[in-house]
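Colleague: Starting off with a structure, shown below.
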Amino acid sequence: MKSTAVFKQMKGRQEPITMITAYDAPGGKAAEKAGMDIILVGDSAGMVVHGYDSTIPVTLDDMVMHARAVRRGAPGTFIVVDLPFLTYHSSIESTFTAVRRLMQEGGAQAVKLEGGDEATTETIARLTASGVPVTGHIGLTPQSVGVLGGYKVQGKTKEAAQRLMEEAQGLEQAGAFALVLECVPGELAARIAMHLSIPVIGIGAGAGIDGQVLVFHDAVGWGDNFVPSFAKQYTNVQTQIDEALENYVSDVKARAFPEDRHTFSMDASVLNDLGRGASS
Ligand SMILES: Nc1nc(=O)c2c([nH]1)NC[C@@H]1CN(c3ccc(C(=O)N[C@@H](CCC(=O)O)C(=O)O)cc3)CN21
Ligand SMILES: CC(C)C(=O)C(=O)O
Ligand SMILES: [Mg+2]
């Protein structure tokens with residue numbers, strides 16, 4: 001399994017870091033098989049798996065369950081798990097409890113927290129000082145969708161861009177081992193990555209950074225959800241699923257399934273005995 005030190009070395013030798021989300025054992029297994037550097041058990045689970053229209057309803061119990069499943073499927077891959085909405089804001093004690101559960105019960109190597117404000121940066125400093133590897137996440141932070149007013153590109157004005165650069169630096173100083181940058185102009189993301197010694201992993205942040213992350217369901221075209229313009233669909237499994245289920249329905253209606261090869265049988269003698277027994 002790779003380590004936080006390896007990710008920093010990869011940045012040093014300009015080897016791109018690959019990350020994808022996963023929410024269950026088969027997803028984790030597929031990611032590990034493909035040689036993914038890092039798996040993110042993202043709270044995007046709320047949207048692509050649970051059918052919510054934001055990540056706000058996702059609970060700590062949900063994330064623990066997803067993490068455990070992914071860990072079983074990907075025993076040898078570095079796993080980062082999202083701390084869900086409002087589980088790292090009310091007190092440092094409750095933050096530690098949430099992190100402990102994700103690492104001890106979920107099997108996470110690291111956690112990810114959204115935000116680069118002073119309070120979140122201080123929380124990250126406390127966690128890293130206690131031995132918790134932390135990934136930061138700034139730019140579009142979906143848990144703040146209500147305040148941001150929608151899922152929009154961030155850092156387009158001079159003030160917003162400067163704030164993101166300062167937040168990124170603050171997170172590095174707080175001890176974060178990596179930073180996710182979501183939905184920011186490519187030029188700004190590249191500049192942030194250049195000024196940091198920790199790897200910057202982007203989603204909708206262009207190619208000029210240290211790594212990329214995609215949501216599993218976007219990458220494989222699973223589900224009828226909206227797919228952000230920055231995502232690349234490498235295949236479309238939904239059309240295959242739709243076709244398969246339509247064929248199943250029509251097979252059963254036409255009595256074309258199950259066939260003999262899908263059906264168990266028993267010895268004729270047993271059947272004969274059974275017949276006599278039942279009739280006598
Ligand atoms: N399926 C999925 N993919 C994701 O990448 C993703 C999630 N869900 N859920 C959690 C967050 C939310 N994300 C989102 C969701 C929507 C947009 C979006 O509507 N983007 C517009 C650009 C808006 C603008 O122009 O300002 C787009 O066209 O991509 C972006 C990121 C990224 N994350
Ligand atoms: C989009 C990524 C970075 C994420 O936080 C998630 O999948 O929840
Ligand atoms: Mg997330």
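Letters A, B, ... mark the chains of the structure tokens in the order given; residue numbers begin at 1 per chain; ligand numbers begin at 1, in order shown.
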Can you pull out every residue within 12 Å of Pro199 (chain A), counting only C-alpha atoms, but drop anything in the same chain fewer than 4 positions away, and send it as a ChimeraX atom specification?
Modeller: /A:4-18,135-137,168-169,171-172,176-181,189-190,192-195,208-212
Colleague: Take the residues just selected and output them with N, CA and C atoms as a compact mmCIF listing (two decimals), in the first residue's frame.
Modeller:
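And here's result-v4.txt as it stands now:
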# COMPACT_ATOMS: atom_id res chain seq x y z
N THR A 4 1.54 8.38 2.49
CA THR A 4 1.52 9.84 2.25
C THR A 4 2.88 10.31 1.72
N ALA A 5 3.97 9.68 2.20
CA ALA A 5 5.31 10.07 1.73
C ALA A 5 5.47 9.78 0.25
N VAL A 6 4.89 8.65 -0.20
CA VAL A 6 5.00 8.29 -1.61
C VAL A 6 4.29 9.33 -2.49
N PHE A 7 3.16 9.84 -2.02
CA PHE A 7 2.42 10.81 -2.84
C PHE A 7 3.22 12.10 -3.02
N LYS A 8 3.94 12.47 -1.99
CA LYS A 8 4.80 13.65 -2.08
C LYS A 8 5.96 13.40 -3.06
N GLN A 9 6.52 12.18 -3.00
CA GLN A 9 7.59 11.82 -3.95
C GLN A 9 7.06 11.83 -5.38
N MET A 10 5.84 11.38 -5.55
CA MET A 10 5.26 11.36 -6.90
C MET A 10 5.15 12.78 -7.44
N LYS A 11 4.75 13.71 -6.59
CA LYS A 11 4.72 15.11 -7.02
C LYS A 11 6.12 15.56 -7.42
N GLY A 12 7.12 15.18 -6.60
CA GLY A 12 8.50 15.58 -6.86
C GLY A 12 9.01 15.11 -8.21
N ARG A 13 8.62 13.88 -8.59
CA ARG A 13 9.09 13.39 -9.89
C ARG A 13 8.03 13.57 -10.98
N GLN A 14 7.05 14.41 -10.67
CA GLN A 14 6.00 14.79 -11.64
C GLN A 14 5.27 13.58 -12.22
N GLU A 15 5.03 12.60 -11.35
CA GLU A 15 4.22 11.44 -11.75
C GLU A 15 2.79 11.67 -11.30
N PRO A 16 1.84 11.79 -12.23
CA PRO A 16 0.45 12.10 -11.86
C PRO A 16 -0.14 11.06 -10.90
N ILE A 17 -0.89 11.54 -9.93
CA ILE A 17 -1.56 10.70 -8.94
C ILE A 17 -2.98 10.44 -9.41
N THR A 18 -3.38 9.13 -9.37
CA THR A 18 -4.73 8.77 -9.81
C THR A 18 -5.60 8.47 -8.62
N THR A 135 -6.44 15.09 4.13
CA THR A 135 -6.51 15.72 2.82
C THR A 135 -7.43 16.93 2.94
N GLY A 136 -6.96 18.08 2.47
CA GLY A 136 -7.80 19.27 2.43
C GLY A 136 -8.67 19.25 1.18
N HIS A 137 -9.65 20.13 1.12
CA HIS A 137 -10.55 20.21 -0.04
C HIS A 137 -11.09 21.63 -0.12
N ALA A 168 -4.90 27.48 0.48
CA ALA A 168 -4.08 26.31 0.11
C ALA A 168 -2.79 26.31 0.92
N GLN A 169 -2.15 27.46 1.01
CA GLN A 169 -0.91 27.55 1.76
C GLN A 169 -1.15 27.26 3.25
N LEU A 171 -3.45 25.35 4.53
CA LEU A 171 -3.70 23.92 4.72
C LEU A 171 -2.40 23.14 4.68
N GLU A 172 -1.49 23.52 3.79
CA GLU A 172 -0.18 22.86 3.77
C GLU A 172 0.54 23.08 5.11
N ALA A 176 -1.71 19.21 6.21
CA ALA A 176 -2.40 18.35 5.23
C ALA A 176 -1.36 17.72 4.31
N PHE A 177 -1.54 16.44 3.96
CA PHE A 177 -0.56 15.76 3.11
C PHE A 177 -0.93 15.87 1.64
N ALA A 178 -2.16 16.30 1.36
CA ALA A 178 -2.62 16.49 -0.02
C ALA A 178 -3.81 17.44 0.01
N LEU A 179 -4.12 17.96 -1.17
CA LEU A 179 -5.21 18.92 -1.28
C LEU A 179 -6.04 18.60 -2.51
N VAL A 180 -7.36 18.52 -2.32
CA VAL A 180 -8.26 18.39 -3.46
C VAL A 180 -8.75 19.78 -3.83
N LEU A 181 -8.65 20.09 -5.11
CA LEU A 181 -9.13 21.37 -5.64
C LEU A 181 -10.27 21.05 -6.59
N ALA A 189 -5.46 26.76 -10.62
CA ALA A 189 -5.11 25.47 -10.00
C ALA A 189 -3.62 25.18 -10.20
N ALA A 190 -3.13 25.42 -11.42
CA ALA A 190 -1.71 25.17 -11.72
C ALA A 190 -0.81 26.05 -10.87
N ILE A 192 -1.55 27.29 -7.90
CA ILE A 192 -1.61 26.78 -6.52
C ILE A 192 -0.71 25.55 -6.37
N ALA A 193 -0.80 24.63 -7.33
CA ALA A 193 0.02 23.40 -7.26
C ALA A 193 1.51 23.74 -7.27
N MET A 194 1.86 24.76 -8.05
CA MET A 194 3.27 25.14 -8.18
C MET A 194 3.81 25.72 -6.86
N HIS A 195 2.93 26.40 -6.12
CA HIS A 195 3.36 27.04 -4.89
C HIS A 195 3.34 26.13 -3.67
N GLY A 208 -2.83 20.94 -15.17
CA GLY A 208 -1.55 21.46 -14.69
C GLY A 208 -1.30 21.25 -13.21
N ILE A 209 -1.80 20.16 -12.66
CA ILE A 209 -1.67 19.88 -11.23
C ILE A 209 -1.13 18.46 -11.03
N ASP A 210 -1.13 17.99 -9.79
CA ASP A 210 -0.37 16.77 -9.48
C ASP A 210 -1.17 15.48 -9.58
N GLY A 211 -2.47 15.57 -9.73
CA GLY A 211 -3.27 14.36 -9.81
C GLY A 211 -4.70 14.69 -10.18
N GLN A 212 -5.48 13.64 -10.45
CA GLN A 212 -6.88 13.81 -10.85
C GLN A 212 -7.76 12.89 -10.03
Colleague: Mind listing the residues within 10 Å of ligand 1, only C-alpha atoms and all ligand atoms counted, as a PyMOL selection string?
Modeller: chain A and resi 21+42-49+52-56+140-143+145+150-154+156+182-184+203-204+213-219+221-231
Colleague: Using only C-alpha atoms, which of A:Met19, A:Leu188, A:Ala160, A:Ile124 sits nearest Asp37 (chain A)?
Modeller: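 The closest residue to Asp37 (chain A) is A:Met19.
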Colleague: For region 70-81 of chain A, list every protein, DNA or RNA residue within 7 Å, evaluated using only C-alpha atoms, and leave out those in the same chain fewer than 3 positions away; present the list as a list in words.
Modeller: Met1, Lys2, Ala22, Tyr23, Asp24, Ala25, Pro26, Gly27, Gly28, Lys29, Glu32, Ile38, Ile39, Leu40, Val41, Gly42, His66, Ala67, Gly107, Ala108, Gln109, Ala110, Val111 and Lys112 of chain A
Colleague: With N, CA and C atoms retained, write the just-selected residues as an mmCIF file, in the first residue's frame.
Modeller:
data_model
loop_
_atom_site.group_PDB
_atom_site.id
_atom_site.type_symbol
_atom_site.label_atom_id
_atom_site.label_comp_id
_atom_site.auth_asym_id
_atom_site.auth_seq_id
_atom_site.Cartn_x
_atom_site.Cartn_y
_atom_site.Cartn_z
ATOM 1 N N MET A 1 0.835 -1.207 0.000
ATOM 2 C CA MET A 1 0.000 0.000 0.000
ATOM 3 C C MET A 1 0.870 1.258 0.000
ATOM 4 N N LYS A 2 0.476 2.232 -0.817
ATOM 5 C CA LYS A 2 1.242 3.484 -0.879
ATOM 6 C C LYS A 2 1.015 4.293 0.404
ATOM 7 N N ALA A 22 -15.061 5.412 -4.568
ATOM 8 C CA ALA A 22 -15.705 4.098 -4.517
ATOM 9 C C ALA A 22 -16.579 4.090 -3.276
ATOM 10 N N TYR A 23 -17.638 3.265 -3.330
ATOM 11 C CA TYR A 23 -18.618 3.266 -2.244
ATOM 12 C C TYR A 23 -18.940 1.862 -1.747
ATOM 13 N N ASP A 24 -18.448 0.858 -2.479
ATOM 14 C CA ASP A 24 -18.777 -0.520 -2.127
ATOM 15 C C ASP A 24 -17.608 -1.435 -2.488
ATOM 16 N N ALA A 25 -17.735 -2.708 -2.131
ATOM 17 C CA ALA A 25 -16.622 -3.637 -2.339
ATOM 18 C C ALA A 25 -16.270 -3.826 -3.820
ATOM 19 N N PRO A 26 -17.250 -4.040 -4.711
ATOM 20 C CA PRO A 26 -16.860 -4.197 -6.120
ATOM 21 C C PRO A 26 -16.206 -2.940 -6.704
ATOM 22 N N GLY A 27 -16.671 -1.767 -6.285
ATOM 23 C CA GLY A 27 -16.045 -0.522 -6.743
ATOM 24 C C GLY A 27 -14.605 -0.425 -6.271
ATOM 25 N N GLY A 28 -14.388 -0.763 -4.995
ATOM 26 C CA GLY A 28 -13.033 -0.733 -4.451
ATOM 27 C C GLY A 28 -12.141 -1.749 -5.149
ATOM 28 N N LYS A 29 -12.708 -2.927 -5.403
ATOM 29 C CA LYS A 29 -11.933 -3.992 -6.046
ATOM 30 C C LYS A 29 -11.508 -3.584 -7.458
ATOM 31 N N GLU A 32 -8.741 -0.997 -7.244
ATOM 32 C CA GLU A 32 -7.450 -1.607 -6.878
ATOM 33 C C GLU A 32 -6.852 -2.379 -8.061
ATOM 34 N N ILE A 38 -4.969 6.103 -5.093
ATOM 35 C CA ILE A 38 -5.770 6.407 -3.905
ATOM 36 C C ILE A 38 -7.253 6.171 -4.232
ATOM 37 N N ILE A 39 -7.979 5.600 -3.278
ATOM 38 C CA ILE A 39 -9.445 5.524 -3.392
ATOM 39 C C ILE A 39 -10.037 6.540 -2.439
ATOM 40 N N LEU A 40 -10.994 7.322 -2.935
ATOM 41 C CA LEU A 40 -11.729 8.253 -2.085
ATOM 42 C C LEU A 40 -13.126 7.713 -1.839
ATOM 43 N N VAL A 41 -13.435 7.409 -0.580
ATOM 44 C CA VAL A 41 -14.817 7.092 -0.228
ATOM 45 C C VAL A 41 -15.486 8.443 0.003
ATOM 46 N N GLY A 42 -16.106 8.947 -1.055
ATOM 47 C CA GLY A 42 -16.623 10.317 -1.050
ATOM 48 C C GLY A 42 -18.049 10.387 -0.538
ATOM 49 N N HIS A 66 -19.832 2.594 4.079
ATOM 50 C CA HIS A 66 -19.207 2.603 2.742
ATOM 51 C C HIS A 66 -17.713 2.293 2.843
ATOM 52 N N ALA A 67 -17.045 2.891 3.825
ATOM 53 C CA ALA A 67 -15.598 2.685 3.967
ATOM 54 C C ALA A 67 -15.283 1.215 4.228
ATOM 55 N N GLY A 107 -11.569 1.554 8.387
ATOM 56 C CA GLY A 107 -10.325 1.122 7.760
ATOM 57 C C GLY A 107 -9.671 2.171 6.889
ATOM 58 N N ALA A 108 -10.009 3.446 7.125
ATOM 59 C CA ALA A 108 -9.417 4.534 6.339
ATOM 60 C C ALA A 108 -7.976 4.790 6.757
ATOM 61 N N GLN A 109 -7.131 5.177 5.765
ATOM 62 C CA GLN A 109 -5.770 5.633 6.074
ATOM 63 C C GLN A 109 -5.755 7.124 6.361
ATOM 64 N N ALA A 110 -6.751 7.841 5.823
ATOM 65 C CA ALA A 110 -6.767 9.300 5.935
ATOM 66 C C ALA A 110 -8.201 9.791 5.821
ATOM 67 N N VAL A 111 -8.413 11.035 6.241
ATOM 68 C CA VAL A 111 -9.738 11.640 6.118
ATOM 69 C C VAL A 111 -9.627 12.926 5.297
ATOM 70 N N LYS A 112 -10.768 13.348 4.735
ATOM 71 C CA LYS A 112 -10.820 14.605 3.985
ATOM 72 C C LYS A 112 -11.869 15.524 4.586
#
Colleague: From the options A:Arg191, A:Ile201, A:Glu105, A:Thr121, which residue's atoms come nearest to ligand 2, counting only C-alpha atoms and all ligand atoms?
Modeller: A:Ile201
Colleague: If DSSP is run on the backbone, what residues of region 79-134 of chain A are strand (DSSP E or B)? A reply as a PyMOL selection string would be ideal.
Modeller: chain A and resi 79-82+110-114+134
Colleague: Hey, what does DSSP flag as alpha helix (DSSP H) within region 15-181 of chain A? Can you give it to me as a ChimeraX atom specification?
Modeller: /A:25-33,45-48,60-73,92-100,118-129,145-148,158-174
Colleague: So which one's closest to Glu93 (chain A), A:Leu127, A:Val237, A:Leu196, A:Val147? Using only C-alpha atoms, please.
Modeller: A:Leu127
